[in-house]
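To keep things clear, I will list the structure first and then write my remarks on it.
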Amino acid sequence: MARTVKVAVTGAAGQIGYALLPRIASGAVFGPDVRVSLHLLEITPALKALEGVVMELDDCAFPLLDEIVTTDDADRAFEGVNWALLVGSKPRGKGMERGDLIRENGPIFVGQGKALTRGASDLRTLVVGNPANTNCLIAMHNAVGGGIPKERFHAMTRLDQNRAEAQLAQKAGVKVAEVTNMAIWGNHSATQYPDAENARIGGRPVTDVIGHVSWLQEDFIQIVQQRGAAVIEARGLSSAASAANAALDHVMSMEQATPDGQFFSAAVPSDGSYGVEEGLIFSFPVRSDGQGNWSIVQGLELSSFAREKIAATEAELKEERAVIADLLS
């Protein structure tokens with residue numbers, strides 16, 4: 001075996017953790033010649049449930065699973081990890097405004113950002129817990145002072161990309177693998193902009209394959225923006241399985257070199273590209289070099305319609321940042 005990858009997962013006893021842990025442990029994410037060490041963080045009341053998750057992982061007898069660490073101590077959970085998947089966050093309660101949720105979750109990501117600096121150096125962090133972009137901003141600001149580069153922090157919009165690809169494939173009557181270069185711009189929220197203008201179906205512009213422009217600019221965008229709520233309405237629970245799948249898709253895309261001419265979507269620290277304010281955690285089309293490093297794809301054409309949508313989601317992220325400005329040390 002060439003190496004061992006240490007992966008921390010917060011909220012590990014929750015539904016998303018339950019869905020993603022077996023796939024990490026099986027070798028499906030990092031490959032068949034890489035051993036895996038799982039560091040599982042939970043709040044103290046959930047440690048009993050986490051014991052049950054560990055029992056199931058044991059019962060799977062994964063040959064590549066080196067060890068499992070369970071704890072309610074973030075310092076211990078993040079010690080020496082290579083990837084931190086920050087899944088755990090407080091869910092939005094009935095009648096709770098988005099700003100209230102941001103304030104409720106903010107202190108969690110302050111503490112975890114600081115703990116990351118104490119425990120990890122060769123690290124990439126993916127924030128899954130909502131509101132993901134702003135939680136990531138908080139964790140990044142509280143970790144960068146400890147020496148972790150800001151580029152190591154990402155928030156997940158791969159679920160939105162996957163949802164958008166599925167909708168385009170269904171509309172075009174093709175396999176989802178034929179849909180490429182699906183960019184998600186902005187916030188993982190109802191203001192995000194799924195960009196059909198730069199996507200491709202079978203290598204052709206989407207608008208050449210799907211001539212229904214009003215559907216692309218209205219129904220398609222609304223379906224993707226509201227998909228999480230639609231799943232909750234139908235299932236009675238949030239979209240845990242698809243979120244877990246998207247988190248692992250993100251990790252694999254960062255671990256592998258992006259094929260020439262293609263890109264994927266991730267919320268990363270803005271460097272000012274496309275006029276987006278520097279420092280916001282903003283979803284862009286990105287490419288990976290296969291070593292965990294990424295770059296924002298440059299030179300994509302954006303219509304006035306697209307720029308208007310991007311400006312709206314940027315404005316929302318600025319509003320969220322203002323709510324938690326005191327947590328950005």
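All residue names refer to the structure tokens as shown: chains lettered A, B, ... in order, residues numbered from 1 in each chain, ligands numbered from 1 in order.
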
ask   = Any idea what's packed within 12 Å of Arg98 of chain A, counting only C-alpha atoms, ignoring anything in its chain fewer than 5 positions away? Could you give it as a VMD selection string?
value = chain A and resid 90 to 93 103 to 105 130 to 132 134 189 to 190 316 to 317 319 to 320 323

Go ahead and write the selection's residues with N, CA and C atoms as a PDB file, in the first residue's frame.
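Wrote it out as selection37.pdb, contents follow:
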ATOM      1  N   LYS A  90     -26.361  22.622  12.646  1.00  0.00           N
ATOM      2  CA  LYS A  90     -27.730  22.639  13.151  1.00  0.00           C
ATOM      3  C   LYS A  90     -28.701  22.800  11.992  1.00  0.00           C
ATOM      4  N   PRO A  91     -29.757  21.990  11.947  1.00  0.00           N
ATOM      5  CA  PRO A  91     -30.738  22.136  10.865  1.00  0.00           C
ATOM      6  C   PRO A  91     -31.616  23.359  11.082  1.00  0.00           C
ATOM      7  N   ARG A  92     -32.192  23.804  10.009  1.00  0.00           N
ATOM      8  CA  ARG A  92     -33.101  24.954  10.076  1.00  0.00           C
ATOM      9  C   ARG A  92     -34.416  24.533  10.709  1.00  0.00           C
ATOM     10  N   GLY A  93     -34.798  25.171  11.786  1.00  0.00           N
ATOM     11  CA  GLY A  93     -36.030  24.833  12.480  1.00  0.00           C
ATOM     12  C   GLY A  93     -37.235  25.543  11.905  1.00  0.00           C
ATOM     13  N   ARG A 103     -26.451  32.523  12.245  1.00  0.00           N
ATOM     14  CA  ARG A 103     -25.932  32.859  13.568  1.00  0.00           C
ATOM     15  C   ARG A 103     -25.842  31.635  14.476  1.00  0.00           C
ATOM     16  N   GLU A 104     -26.796  30.691  14.324  1.00  0.00           N
ATOM     17  CA  GLU A 104     -26.769  29.478  15.144  1.00  0.00           C
ATOM     18  C   GLU A 104     -25.551  28.619  14.810  1.00  0.00           C
ATOM     19  N   ASN A 105     -25.230  28.518  13.527  1.00  0.00           N
ATOM     20  CA  ASN A 105     -24.158  27.624  13.102  1.00  0.00           C
ATOM     21  C   ASN A 105     -22.778  28.273  13.153  1.00  0.00           C
ATOM     22  N   ASN A 130     -25.090  23.310   6.013  1.00  0.00           N
ATOM     23  CA  ASN A 130     -25.653  24.584   5.540  1.00  0.00           C
ATOM     24  C   ASN A 130     -25.758  25.622   6.648  1.00  0.00           C
ATOM     25  N   PRO A 131     -25.707  26.917   6.282  1.00  0.00           N
ATOM     26  CA  PRO A 131     -25.441  27.471   4.939  1.00  0.00           C
ATOM     27  C   PRO A 131     -23.959  27.330   4.582  1.00  0.00           C
ATOM     28  N   ALA A 132     -23.683  26.466   3.625  1.00  0.00           N
ATOM     29  CA  ALA A 132     -22.330  25.952   3.408  1.00  0.00           C
ATOM     30  C   ALA A 132     -21.321  27.039   3.054  1.00  0.00           C
ATOM     31  N   THR A 134     -21.210  30.285   3.702  1.00  0.00           N
ATOM     32  CA  THR A 134     -20.858  31.179   4.803  1.00  0.00           C
ATOM     33  C   THR A 134     -20.227  30.413   5.958  1.00  0.00           C
ATOM     34  N   SER A 189     -27.852  27.993  -2.390  1.00  0.00           N
ATOM     35  CA  SER A 189     -29.117  28.500  -1.864  1.00  0.00           C
ATOM     36  C   SER A 189     -30.063  28.688  -3.041  1.00  0.00           C
ATOM     37  N   ALA A 190     -31.202  29.262  -2.771  1.00  0.00           N
ATOM     38  CA  ALA A 190     -32.190  29.477  -3.834  1.00  0.00           C
ATOM     39  C   ALA A 190     -31.804  30.607  -4.777  1.00  0.00           C
ATOM     40  N   GLU A 316     -26.452  38.174  -2.076  1.00  0.00           N
ATOM     41  CA  GLU A 316     -26.899  37.381  -0.937  1.00  0.00           C
ATOM     42  C   GLU A 316     -25.720  36.952  -0.072  1.00  0.00           C
ATOM     43  N   LEU A 317     -24.628  36.552  -0.687  1.00  0.00           N
ATOM     44  CA  LEU A 317     -23.456  36.137   0.080  1.00  0.00           C
ATOM     45  C   LEU A 317     -22.869  37.310   0.873  1.00  0.00           C
ATOM     46  N   GLU A 319     -24.648  39.729   2.086  1.00  0.00           N
ATOM     47  CA  GLU A 319     -25.587  39.904   3.202  1.00  0.00           C
ATOM     48  C   GLU A 319     -25.317  38.874   4.300  1.00  0.00           C
ATOM     49  N   GLU A 320     -25.074  37.642   3.907  1.00  0.00           N
ATOM     50  CA  GLU A 320     -24.762  36.608   4.897  1.00  0.00           C
ATOM     51  C   GLU A 320     -23.468  36.933   5.634  1.00  0.00           C
ATOM     52  N   VAL A 323     -23.936  39.323   8.452  1.00  0.00           N
ATOM     53  CA  VAL A 323     -24.574  38.760   9.644  1.00  0.00           C
ATOM     54  C   VAL A 323     -23.542  38.192  10.608  1.00  0.00           C
TER      55      VAL A 323
END

Within 6 Å of segment 197-218 of chain A, which residues of segment 94-190 of chain A come that close, and what is the closest atom pair and distance in Å for each? Count only C-alpha atoms and give it as JSON lines.
{"residue": "A:Glu178", "atom": "CA", "partner": "A:Gly202", "partner_atom": "CA", "distance": 4.9}
{"residue": "A:Val179", "atom": "CA", "partner": "A:Ile201", "partner_atom": "CA", "distance": 4.5}
{"residue": "A:Thr180", "atom": "CA", "partner": "A:Arg200", "partner_atom": "CA", "distance": 5.2}
{"residue": "A:Asn181", "atom": "CA", "partner": "A:Ala199", "partner_atom": "CA", "distance": 4.7}
{"residue": "A:Met182", "atom": "CA", "partner": "A:Ala199", "partner_atom": "CA", "distance": 4.8}

task = Identify, on the basis of only C-alpha atoms, every residue whose closest approach to segment 74-76 of chain A does not exceed 12 Å; exclude the query and any residue fewer than 2 positions from it along the same chain; express the result as a PyMOL selection string.
result = chain A and resi 8-11+38-44+69-72+78-81+84+86+88+108-120

ask   = Given the choices A:Pro194, A:Pro45, A:Gly279, A:Pro32, which gets closest to Arg163 of chain A if the distance is worked out from only C-alpha atoms?
value =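 When distances to Arg163 of chain A are compared using only C-alpha atoms, the smallest one comes from A:Pro194.
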
request  = Using only C-alpha atoms, determine which residues lie at most 6 Å from segment 124-127 of chain A, disregarding the query and same-chain residues fewer than 5 positions distant; provide the list as an MDAnalysis selection string.
outcome  = chainID A and resid 83:86 132 136 152:155

I need the chosen residues saved as a compact mmCIF listing (two decimals), in the first residue's frame, with N, CA, C and O atoms.
# COMPACT_ATOMS: atom_id res chain seq x y z
N TRP A 83 -8.18 15.19 4.70
CA TRP A 83 -9.46 15.76 4.28
C TRP A 83 -10.36 15.90 5.50
O TRP A 83 -10.45 14.97 6.30
N ALA A 84 -10.99 17.06 5.63
CA ALA A 84 -12.00 17.27 6.66
C ALA A 84 -13.32 17.57 5.96
O ALA A 84 -13.44 18.57 5.23
N LEU A 85 -14.29 16.69 6.15
CA LEU A 85 -15.62 16.88 5.58
C LEU A 85 -16.52 17.40 6.70
O LEU A 85 -16.93 16.64 7.58
N LEU A 86 -16.82 18.69 6.66
CA LEU A 86 -17.57 19.34 7.72
C LEU A 86 -19.06 19.25 7.38
O LEU A 86 -19.65 20.14 6.76
N ALA A 132 -23.68 26.47 3.63
CA ALA A 132 -22.33 25.95 3.41
C ALA A 132 -21.32 27.04 3.05
O ALA A 132 -20.20 27.05 3.57
N CYS A 136 -18.29 27.94 5.53
CA CYS A 136 -16.92 27.77 5.03
C CYS A 136 -16.11 29.05 5.21
O CYS A 136 -14.93 29.01 5.60
N ARG A 152 -7.35 25.98 0.62
CA ARG A 152 -7.65 24.62 1.08
C ARG A 152 -9.11 24.47 1.54
O ARG A 152 -9.51 23.39 1.96
N PHE A 153 -9.89 25.54 1.48
CA PHE A 153 -11.27 25.51 1.96
C PHE A 153 -12.25 25.61 0.79
O PHE A 153 -12.15 26.51 -0.04
N HIS A 154 -13.19 24.67 0.77
CA HIS A 154 -14.20 24.64 -0.27
C HIS A 154 -15.57 24.42 0.38
O HIS A 154 -15.67 23.81 1.43
N ALA A 155 -16.61 24.91 -0.28
CA ALA A 155 -17.99 24.57 0.11
C ALA A 155 -18.64 23.82 -1.05
O ALA A 155 -18.29 24.02 -2.21

request  = Fewer than 5 positions away in the same chain doesn't count, so skip those; otherwise give me all residues within 10 Å of Asn162 of chain A, counting only C-alpha atoms, as a list in words.
outcome  =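 Non-adjacent residues within range: Thr157, Gln167, Val176, Val179, Met182, Ile184, Val224, Ser242, Ala243, Asn245, Ala246, Asp249, Phe264 and Ser265 of chain A.
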
request  = Please return as an MDAnalysis selection string: the residues of segment 118-319 of chain A that backbone DSSP assigns to strand (DSSP E).
outcome  = chainID A and resid 124:127 153:155 179:180 183:185 193:195 200:201 204:205 264:269 281:288 294:296

task = Please identify which residues in segment 33-273 of chain A DSSP calls helix (DSSP H, G or I) from the backbone, and express them as a VMD selection string.
result = chain A and resid 44 to 60 74 to 77 98 to 119 132 to 144 150 to 152 158 to 172 176 to 178 206 to 209 213 to 225 227 to 235 240 to 255 273

Would you mind exporting C-alpha atoms of the selected residues as a compact mmCIF listing (two decimals), in the first residue's frame?
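Result went into again_11.txt, see below:
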# COMPACT_ATOMS: atom_id res chain seq x y z
CA THR A 44 -21.65 14.22 22.95
CA PRO A 45 -25.35 13.16 22.92
CA ALA A 46 -24.85 11.45 19.54
CA LEU A 47 -21.80 9.36 20.50
CA LYS A 48 -23.99 6.35 21.30
CA ALA A 49 -25.49 6.44 17.82
CA LEU A 50 -21.99 6.82 16.42
CA GLU A 51 -21.04 3.57 18.16
CA GLY A 52 -23.69 1.84 16.07
CA VAL A 53 -22.29 3.34 12.86
CA VAL A 54 -18.83 2.07 13.78
CA MET A 55 -20.25 -1.39 14.49
CA GLU A 56 -21.66 -1.47 10.97
CA LEU A 57 -18.36 -0.32 9.47
CA ASP A 58 -16.64 -3.11 11.39
CA ASP A 59 -19.21 -5.59 10.11
CA CYS A 60 -18.48 -4.57 6.52
CA ALA A 74 -12.56 18.55 17.48
CA ASP A 75 -8.83 18.74 18.25
CA ARG A 76 -8.61 14.96 18.37
CA ALA A 77 -10.83 14.50 15.31
CA ARG A 98 -31.87 32.08 7.14
CA GLY A 99 -30.06 34.76 9.14
CA ASP A 100 -30.99 32.99 12.37
CA LEU A 101 -29.58 29.74 11.01
CA ILE A 102 -26.35 31.47 10.06
CA ARG A 103 -25.93 32.86 13.57
CA GLU A 104 -26.77 29.48 15.14
CA ASN A 105 -24.16 27.62 13.10
CA GLY A 106 -21.46 30.28 13.06
CA PRO A 107 -19.82 29.45 16.42
CA ILE A 108 -19.56 25.77 15.42
CA PHE A 109 -17.39 26.68 12.45
CA VAL A 110 -15.32 29.17 14.44
CA GLY A 111 -14.32 26.36 16.77
CA GLN A 112 -13.72 23.87 14.00
CA GLY A 113 -11.62 26.32 11.99
CA LYS A 114 -9.38 26.92 14.99
CA ALA A 115 -9.18 23.19 15.73
CA LEU A 116 -8.09 22.50 12.17
CA THR A 117 -5.07 24.77 12.60
CA ARG A 118 -4.05 22.88 15.73
CA GLY A 119 -4.38 19.43 14.21
CA ALA A 132 -22.33 25.95 3.41
CA ASN A 133 -20.71 28.97 1.73
CA THR A 134 -20.86 31.18 4.80
CA ASN A 135 -19.97 28.37 7.21
CA CYS A 136 -16.92 27.77 5.03
CA LEU A 137 -16.06 31.47 5.14
CA ILE A 138 -16.15 31.36 8.94
CA ALA A 139 -14.00 28.22 9.17
CA MET A 140 -11.51 29.60 6.65
CA HIS A 141 -11.06 32.93 8.45
CA ASN A 142 -10.52 31.17 11.75
CA ALA A 143 -7.98 28.75 10.27
CA VAL A 144 -5.95 30.94 7.94
CA LYS A 150 -7.36 29.78 2.26
CA GLU A 151 -7.31 27.79 -0.99
CA ARG A 152 -7.65 24.62 1.08
CA ARG A 158 -21.47 19.66 -6.51
CA LEU A 159 -24.95 18.54 -5.46
CA ASP A 160 -26.38 21.47 -7.41
CA GLN A 161 -24.21 20.56 -10.39
CA ASN A 162 -25.40 16.96 -10.28
CA ARG A 163 -29.03 18.05 -10.01
CA ALA A 164 -28.63 20.39 -12.97
CA GLU A 165 -26.96 17.71 -15.10
CA ALA A 166 -29.78 15.28 -14.38
CA GLN A 167 -32.43 17.83 -15.38
CA LEU A 168 -30.68 18.68 -18.65
CA ALA A 169 -30.21 15.00 -19.50
CA GLN A 170 -33.87 14.24 -18.87
CA LYS A 171 -35.02 17.21 -20.93
CA ALA A 172 -32.73 16.25 -23.82
CA VAL A 176 -26.45 12.06 -17.86
CA ALA A 177 -22.83 11.26 -18.77
CA GLU A 178 -23.33 13.26 -21.97
CA VAL A 206 -27.06 23.01 -24.56
CA THR A 207 -29.04 25.61 -26.47
CA ASP A 208 -28.35 23.69 -29.71
CA VAL A 209 -29.79 20.52 -28.20
CA VAL A 213 -34.83 28.87 -24.16
CA SER A 214 -37.62 29.97 -21.84
CA TRP A 215 -37.44 26.56 -20.09
CA LEU A 216 -33.68 26.94 -19.68
CA GLN A 217 -34.01 30.44 -18.22
CA GLU A 218 -37.03 29.79 -16.01
CA ASP A 219 -38.16 26.25 -15.17
CA PHE A 220 -34.70 24.68 -15.27
CA ILE A 221 -33.19 27.24 -12.91
CA GLN A 222 -36.12 27.07 -10.50
CA ILE A 223 -36.09 23.26 -10.43
CA VAL A 224 -32.40 23.20 -9.50
CA GLN A 225 -32.72 26.02 -6.98
CA ARG A 227 -34.71 20.73 -5.59
CA GLY A 228 -33.77 20.30 -1.93
CA ALA A 229 -37.16 21.58 -0.80
CA ALA A 230 -38.88 19.30 -3.32
CA VAL A 231 -37.07 16.26 -1.92
CA ILE A 232 -38.11 17.17 1.62
CA GLU A 233 -41.71 17.61 0.48
CA ALA A 234 -41.74 14.19 -1.21
CA ARG A 235 -39.61 12.20 1.22
CA ALA A 240 -28.95 12.86 2.49
CA ALA A 241 -27.94 10.20 -0.05
CA SER A 242 -27.45 12.63 -2.94
CA ALA A 243 -25.63 15.08 -0.67
CA ALA A 244 -23.24 12.35 0.48
CA ASN A 245 -22.69 11.29 -3.12
CA ALA A 246 -21.96 14.88 -4.16
CA ALA A 247 -19.46 15.36 -1.32
CA LEU A 248 -17.53 12.33 -2.51
CA ASP A 249 -17.77 13.49 -6.13
CA HIS A 250 -16.16 16.75 -5.01
CA VAL A 251 -13.31 14.98 -3.24
CA MET A 252 -12.66 12.70 -6.22
CA SER A 253 -12.67 15.64 -8.63
CA MET A 254 -10.12 17.45 -6.47
CA GLU A 255 -7.96 14.32 -6.21
CA SER A 273 -12.63 36.47 -11.27

remark   = Students should find that atom CA of Glu277 of chain A and atom CA of Gln262 of chain A are spaced 24.7 Å

query = Can you tell me how far atom CA of Tyr193 of chain A sits from atom CA of Ile310 of chain A, in Å to one decimal?
reply =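 The value is 6.4 Å.
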
query = Which is closer to Arg287 of chain A than all the others in A:Val87, A:Ala12, A:Val7, A:Ala257, using only C-alpha atoms?
reply = A:Ala257

key: Spatial neighbours of Val34 of chain A, max dist 10 Å, only C-alpha atoms, sep filter under 6 positions, as a list of chain:residue names   =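 These residues fall inside the cut-off: A:Met1, A:Ala2, A:Arg3, A:Thr4, A:Val5, A:Gly27, A:Ala28, A:Leu64, A:Leu65, A:Asp66.
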
Take the residues just selected and output them with all heavy atoms as a compact mmCIF listing (two decimals), in the first residue's frame.
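This went into result.txt:
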# COMPACT_ATOMS: atom_id res chain seq x y z
N MET A 1 0.83 -1.18 0.00
CA MET A 1 0.00 0.00 0.00
C MET A 1 0.88 1.26 0.00
O MET A 1 1.80 1.38 0.81
CB MET A 1 -0.91 0.01 1.22
CG MET A 1 -1.92 -1.15 1.23
SD MET A 1 -3.11 -1.03 -0.12
CE MET A 1 -4.00 -2.59 0.12
N ALA A 2 0.57 2.20 -0.90
CA ALA A 2 1.41 3.37 -1.06
C ALA A 2 1.24 4.37 0.07
O ALA A 2 2.20 4.98 0.52
CB ALA A 2 1.11 4.05 -2.40
N ARG A 3 0.03 4.55 0.57
CA ARG A 3 -0.18 5.59 1.57
C ARG A 3 -1.48 5.33 2.32
O ARG A 3 -2.30 4.50 1.94
CB ARG A 3 -0.24 6.96 0.90
CG ARG A 3 -1.40 7.12 -0.10
CD ARG A 3 -1.37 8.46 -0.79
NE ARG A 3 -2.45 8.59 -1.79
CZ ARG A 3 -3.36 9.55 -1.78
NH1 ARG A 3 -3.34 10.47 -0.82
NH2 ARG A 3 -4.28 9.60 -2.72
N THR A 4 -1.65 6.11 3.40
CA THR A 4 -2.89 6.11 4.15
C THR A 4 -3.45 7.53 4.16
O THR A 4 -2.71 8.49 4.41
CB THR A 4 -2.67 5.65 5.61
OG1 THR A 4 -2.22 4.30 5.60
CG2 THR A 4 -3.95 5.74 6.41
N VAL A 5 -4.72 7.67 3.85
CA VAL A 5 -5.40 8.96 3.88
C VAL A 5 -6.25 9.02 5.13
O VAL A 5 -7.02 8.10 5.42
CB VAL A 5 -6.29 9.15 2.63
CG1 VAL A 5 -7.13 10.42 2.77
CG2 VAL A 5 -5.43 9.25 1.38
N GLY A 27 -12.79 2.19 -0.34
CA GLY A 27 -11.78 2.49 -1.35
C GLY A 27 -12.34 3.12 -2.60
O GLY A 27 -11.60 3.42 -3.53
N ALA A 28 -13.66 3.37 -2.61
CA ALA A 28 -14.29 3.92 -3.80
C ALA A 28 -13.86 5.34 -4.10
O ALA A 28 -13.97 5.81 -5.24
CB ALA A 28 -15.81 3.86 -3.66
N LEU A 64 -9.44 -2.06 3.34
CA LEU A 64 -8.63 -0.85 3.29
C LEU A 64 -8.80 0.04 4.52
O LEU A 64 -8.08 1.03 4.66
CB LEU A 64 -8.97 -0.02 2.04
CG LEU A 64 -8.63 -0.66 0.69
CD1 LEU A 64 -9.16 0.17 -0.45
CD2 LEU A 64 -7.13 -0.85 0.54
N LEU A 65 -9.74 -0.29 5.39
CA LEU A 65 -10.01 0.56 6.55
C LEU A 65 -9.00 0.28 7.66
O LEU A 65 -9.03 -0.77 8.29
CB LEU A 65 -11.43 0.33 7.05
CG LEU A 65 -11.91 1.21 8.21
CD1 LEU A 65 -11.73 2.69 7.89
CD2 LEU A 65 -13.37 0.90 8.55
N ASP A 66 -8.11 1.24 7.89
CA ASP A 66 -7.02 1.09 8.85
C ASP A 66 -7.48 1.23 10.29
O ASP A 66 -7.15 0.42 11.14
CB ASP A 66 -5.94 2.14 8.56
CG ASP A 66 -4.63 1.52 8.12
OD1 ASP A 66 -4.59 0.29 7.93
OD2 ASP A 66 -3.65 2.27 7.97

key: Neighbour list for Glu314 of chain A as a count of residues only, cut-off 10 Å, only C-alpha atoms, skip fewer than 2 positions in-chain   = 22

inquiry  = Would you compute the distance between atom CA of Asn293 of chain A and atom CA of Tyr18 of chain A? Give it in Å to one decimal.
reply    =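 About the pair atom CA of Asn293 of chain A and atom CA of Tyr18 of chain A: they are 27.9 Å apart.
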